[in-house]
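Below: one structure, written as structure tokens.
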Amino acid sequence: MTGSRGGVLELAVLGSLHETPLHGYELRKRLNTLLGMFRAFSYGSLYPCLRGLLNDGLIVEEEPPQDTVLGRRSKIVYRLTAEGKERLQELLNQSGPSSWEDESFGIRFAFFRHTEAEVRLRILEGRRSRLEERLDRVREALSRTRERLDSYTLELQRHGLESVEREVRWLNELIDSERRSRSAPGEGDHPPGPAQAVQEETQRADTPEADR
């Protein structure tokens with residue numbers, strides 16, 4: 001499966017089936033919840049993806065036992081194979097520029113619990129670097145065009161700038177939390193949750209210097 005879009009969907013399917021076998025409707029619901037947060041999800045792209053994964057031996061179709069069907073049409077269940085688990089791990093170990101982009105970062109982050117600590121940190125740092133580059137470009141463009149923009153367009157650009165700045169701050173908190181957990185014995189393979197990272201950052205900010 002080629003292309004960033006295909007790779008994102010492949011990762012989402014394999015990652016979802018890694019949790020538990022699912023029939024098509026359950027998988028569609030799970031992918032809609034997962035992918036819908038980050039990008040438009042087309043149901044028309046799901047079944048060609050499943051067919052490709054079946055042809056590659058990464059997943060298999062199974063029918064439920066007859067005594068569980070209760071007279072209704074049986075639903076095909078998709079299950080991850082050993083090869084599929086290897087492919088999933090291969091995808092999770094990738095930490096190049098494609099994993100930092102808007103198209104794929106959210107999905108990669110959704111499966112951080114299955115990702116090695118070193119890879120998580122590289123992806124977070126790469127995402128931060130990419131956003132800092134974007135911030136520089138937006139600030140430069142804003143400074144050049146500020147006088148020519150109407151108030152609404154100016155506010156829209158400021159809103160976009162603030163959104164990127166918030167994500168950079170969030171990434172800083174996650175990166176700091178990842179580094180602290182790596183330095184703590186026995187905790188390097190367990191990613192800190194986003195809420196934990198923010199809570200720890202808030203607690204540090206509220207602690208007087210004399211008490212640190």
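Please note that chains go A, B, ... in the order of the structure tokens, that every chain numbers its residues from 1, and that ligands are numbered from 1 in the order shown.
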
If we count only C-alpha atoms, what is near Asn55 in chain A at a cut-off of 12 Å, once residues fewer than 6 positions away on the same chain are taken out, given as a PyMOL selection string?
-> chain A and resi 1+48-49+61+83-84

Save out the residues we just selected, N, CA and C atoms, as a PDB file, in the first residue's frame.
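Full text of result-v7.pdb as output:
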ATOM      1  N   MET A   1       0.846  -1.181   0.000  1.00  0.00           N
ATOM      2  CA  MET A   1       0.000   0.000   0.000  1.00  0.00           C
ATOM      3  C   MET A   1       0.880   1.230   0.000  1.00  0.00           C
ATOM      4  N   PRO A  48     -11.287  -1.420  -0.155  1.00  0.00           N
ATOM      5  CA  PRO A  48     -10.080  -1.686  -0.956  1.00  0.00           C
ATOM      6  C   PRO A  48      -8.839  -1.870  -0.083  1.00  0.00           C
ATOM      7  N   CYS A  49      -8.759  -1.114   1.009  1.00  0.00           N
ATOM      8  CA  CYS A  49      -7.634  -1.278   1.935  1.00  0.00           C
ATOM      9  C   CYS A  49      -7.658  -2.664   2.557  1.00  0.00           C
ATOM     10  N   GLU A  61      -9.933 -13.219   7.139  1.00  0.00           N
ATOM     11  CA  GLU A  61     -11.370 -13.174   7.398  1.00  0.00           C
ATOM     12  C   GLU A  61     -11.770 -14.444   8.124  1.00  0.00           C
ATOM     13  N   GLU A  83       2.029 -11.948  10.423  1.00  0.00           N
ATOM     14  CA  GLU A  83       2.664 -11.032   9.467  1.00  0.00           C
ATOM     15  C   GLU A  83       2.116  -9.622   9.624  1.00  0.00           C
ATOM     16  N   GLY A  84       0.822  -9.533   9.939  1.00  0.00           N
ATOM     17  CA  GLY A  84       0.221  -8.228  10.152  1.00  0.00           C
ATOM     18  C   GLY A  84       0.784  -7.536  11.378  1.00  0.00           C
TER      19      GLY A  84
END

Just asking: which residues within range 12-161 of chain A are strand (DSSP E or B) according to DSSP, as a VMD selection string?
-> chain A and resid 22 to 23 59 to 62 77 to 80

Output N, CA and C atoms for every residue in that selection, as an mmCIF file, in the first residue's frame.
data_model
loop_
_atom_site.group_PDB
_atom_site.id
_atom_site.type_symbol
_atom_site.label_atom_id
_atom_site.label_comp_id
_atom_site.auth_asym_id
_atom_site.auth_seq_id
_atom_site.Cartn_x
_atom_site.Cartn_y
_atom_site.Cartn_z
ATOM 1 N N LEU A 22 -12.316 -7.528 14.648
ATOM 2 C CA LEU A 22 -13.521 -6.722 14.461
ATOM 3 C C LEU A 22 -14.204 -7.109 13.162
ATOM 4 N N HIS A 23 -15.546 -7.031 13.156
ATOM 5 C CA HIS A 23 -16.210 -7.178 11.863
ATOM 6 C C HIS A 23 -16.283 -5.815 11.208
ATOM 7 N N ILE A 59 -3.985 -9.648 7.241
ATOM 8 C CA ILE A 59 -5.191 -9.932 8.012
ATOM 9 C C ILE A 59 -5.884 -11.141 7.380
ATOM 10 N N VAL A 60 -6.795 -11.743 8.118
ATOM 11 C CA VAL A 60 -7.593 -12.852 7.589
ATOM 12 C C VAL A 60 -9.056 -12.604 7.930
ATOM 13 N N GLU A 61 -9.933 -13.219 7.139
ATOM 14 C CA GLU A 61 -11.370 -13.174 7.398
ATOM 15 C C GLU A 61 -11.770 -14.444 8.124
ATOM 16 N N GLU A 62 -12.607 -14.280 9.130
ATOM 17 C CA GLU A 62 -13.115 -15.429 9.861
ATOM 18 C C GLU A 62 -14.622 -15.283 10.044
ATOM 19 N N VAL A 77 -15.445 -11.486 10.395
ATOM 20 C CA VAL A 77 -14.585 -10.836 11.375
ATOM 21 C C VAL A 77 -13.177 -10.773 10.795
ATOM 22 N N TYR A 78 -12.533 -9.623 10.923
ATOM 23 C CA TYR A 78 -11.166 -9.453 10.451
ATOM 24 C C TYR A 78 -10.213 -9.581 11.635
ATOM 25 N N ARG A 79 -9.167 -10.384 11.424
ATOM 26 C CA ARG A 79 -8.198 -10.622 12.498
ATOM 27 C C ARG A 79 -6.786 -10.406 11.960
ATOM 28 N N LEU A 80 -5.934 -9.857 12.807
ATOM 29 C CA LEU A 80 -4.543 -9.614 12.448
ATOM 30 C C LEU A 80 -3.762 -10.925 12.447
#

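Nearest-residue note for Tyr47 in chain A: choosing from A:Val119, A:Leu34, A:Leu161, A:Val13, the minimum distance belongs to A:Val13, counting only C-alpha atoms.
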
Could you check how far CA of Val8 in chain A sits from CA of Asp136 in chain A, in Å to one decimal?
->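 Atom-to-atom, CA of Val8 in chain A to CA of Asp136 in chain A, that is 27.7 Å.
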
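Between Ser129 in chain A and the residues A:Thr81, A:Thr20, A:Asn172, A:Ser45, the shortest atom-to-atom distance, using only C-alpha atoms, involves A:Asn172.
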
Selection near Ser95 in chain A, 10 Å with only C-alpha atoms, sequence-local residues under 4 positions removed, as number ranges by chain | A: 91, 99-100, 108, 118-124, 126

With all heavy atoms retained, could you export that selection as a compact mmCIF listing (two decimals), in the first residue's frame?
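Output file selection_20.txt is given in full below:
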# COMPACT_ATOMS: atom_id res chain seq x y z
N LEU A 91 5.58 -0.25 10.81
CA LEU A 91 5.02 1.08 10.63
C LEU A 91 5.21 1.94 11.87
O LEU A 91 5.52 3.14 11.77
CB LEU A 91 3.52 0.98 10.30
CG LEU A 91 3.15 0.36 8.94
CD1 LEU A 91 1.65 0.16 8.85
CD2 LEU A 91 3.64 1.25 7.81
N SER A 99 5.97 11.03 9.35
CA SER A 99 5.25 10.80 10.61
C SER A 99 5.00 12.09 11.37
O SER A 99 4.27 12.09 12.36
CB SER A 99 6.03 9.82 11.49
OG SER A 99 7.29 10.34 11.86
N TRP A 100 5.60 13.20 10.93
CA TRP A 100 5.41 14.49 11.61
C TRP A 100 4.32 15.32 10.97
O TRP A 100 3.89 16.32 11.54
CB TRP A 100 6.70 15.32 11.58
CG TRP A 100 7.95 14.57 11.91
CD1 TRP A 100 8.07 13.43 12.66
CD2 TRP A 100 9.28 14.91 11.49
NE1 TRP A 100 9.38 13.04 12.73
CE2 TRP A 100 10.15 13.93 12.02
CE3 TRP A 100 9.80 15.95 10.73
CZ2 TRP A 100 11.52 13.96 11.80
CZ3 TRP A 100 11.17 15.98 10.53
CH2 TRP A 100 12.02 15.00 11.05
N ARG A 108 -0.37 8.52 14.32
CA ARG A 108 0.81 8.00 15.01
C ARG A 108 0.69 8.21 16.51
O ARG A 108 1.01 7.32 17.31
CB ARG A 108 2.09 8.68 14.47
CG ARG A 108 2.43 8.33 13.03
CD ARG A 108 2.60 6.83 12.82
NE ARG A 108 3.48 6.24 13.80
CZ ARG A 108 4.81 6.13 13.64
NH1 ARG A 108 5.38 6.59 12.54
NH2 ARG A 108 5.54 5.56 14.57
N GLU A 118 11.94 5.69 22.28
CA GLU A 118 12.87 6.46 21.45
C GLU A 118 12.19 6.97 20.20
O GLU A 118 12.42 8.11 19.76
CB GLU A 118 14.08 5.60 21.09
CG GLU A 118 15.14 6.33 20.27
CD GLU A 118 16.33 5.44 19.96
OE1 GLU A 118 16.44 4.35 20.56
OE2 GLU A 118 17.15 5.85 19.12
N VAL A 119 11.32 6.15 19.61
CA VAL A 119 10.60 6.54 18.41
C VAL A 119 9.59 7.63 18.73
O VAL A 119 9.44 8.61 17.99
CB VAL A 119 9.91 5.33 17.77
CG1 VAL A 119 9.07 5.75 16.56
CG2 VAL A 119 10.94 4.28 17.36
N ARG A 120 8.89 7.48 19.86
CA ARG A 120 7.93 8.51 20.27
C ARG A 120 8.62 9.86 20.38
O ARG A 120 8.10 10.87 19.90
CB ARG A 120 7.31 8.15 21.63
CG ARG A 120 6.40 6.96 21.65
CD ARG A 120 5.56 6.93 22.91
NE ARG A 120 6.32 6.95 24.14
CZ ARG A 120 6.68 5.89 24.84
NH1 ARG A 120 6.37 4.68 24.39
NH2 ARG A 120 7.35 6.01 25.97
N LEU A 121 9.78 9.88 21.00
CA LEU A 121 10.48 11.15 21.22
C LEU A 121 10.92 11.76 19.90
O LEU A 121 10.80 12.98 19.70
CB LEU A 121 11.68 10.92 22.15
CG LEU A 121 12.40 12.17 22.64
CD1 LEU A 121 11.44 13.10 23.37
CD2 LEU A 121 13.57 11.79 23.55
N ARG A 122 11.42 10.93 18.97
CA ARG A 122 11.84 11.46 17.66
C ARG A 122 10.66 12.08 16.92
O ARG A 122 10.78 13.13 16.29
CB ARG A 122 12.48 10.37 16.82
CG ARG A 122 13.89 10.00 17.25
CD ARG A 122 14.64 9.34 16.11
NE ARG A 122 14.00 8.11 15.68
CZ ARG A 122 14.29 6.89 16.14
NH1 ARG A 122 15.22 6.75 17.08
NH2 ARG A 122 13.68 5.83 15.69
N ILE A 123 9.50 11.42 16.99
CA ILE A 123 8.33 11.94 16.29
C ILE A 123 7.87 13.26 16.91
O ILE A 123 7.57 14.22 16.20
CB ILE A 123 7.19 10.90 16.32
CG1 ILE A 123 7.57 9.69 15.46
CG2 ILE A 123 5.88 11.52 15.81
CD1 ILE A 123 6.59 8.54 15.55
N LEU A 124 7.83 13.32 18.23
CA LEU A 124 7.41 14.55 18.91
C LEU A 124 8.37 15.71 18.60
O LEU A 124 7.94 16.83 18.32
CB LEU A 124 7.34 14.33 20.42
CG LEU A 124 6.22 13.41 20.92
CD1 LEU A 124 6.39 13.14 22.41
CD2 LEU A 124 4.84 14.01 20.64
N GLY A 126 10.34 15.94 15.97
CA GLY A 126 10.19 16.27 14.56
C GLY A 126 8.95 17.11 14.31
O GLY A 126 8.98 18.07 13.52

CA of His18 in chain A to CA of Gly44 in chain A: how many Å, to one decimal?
-> 22.2 Å
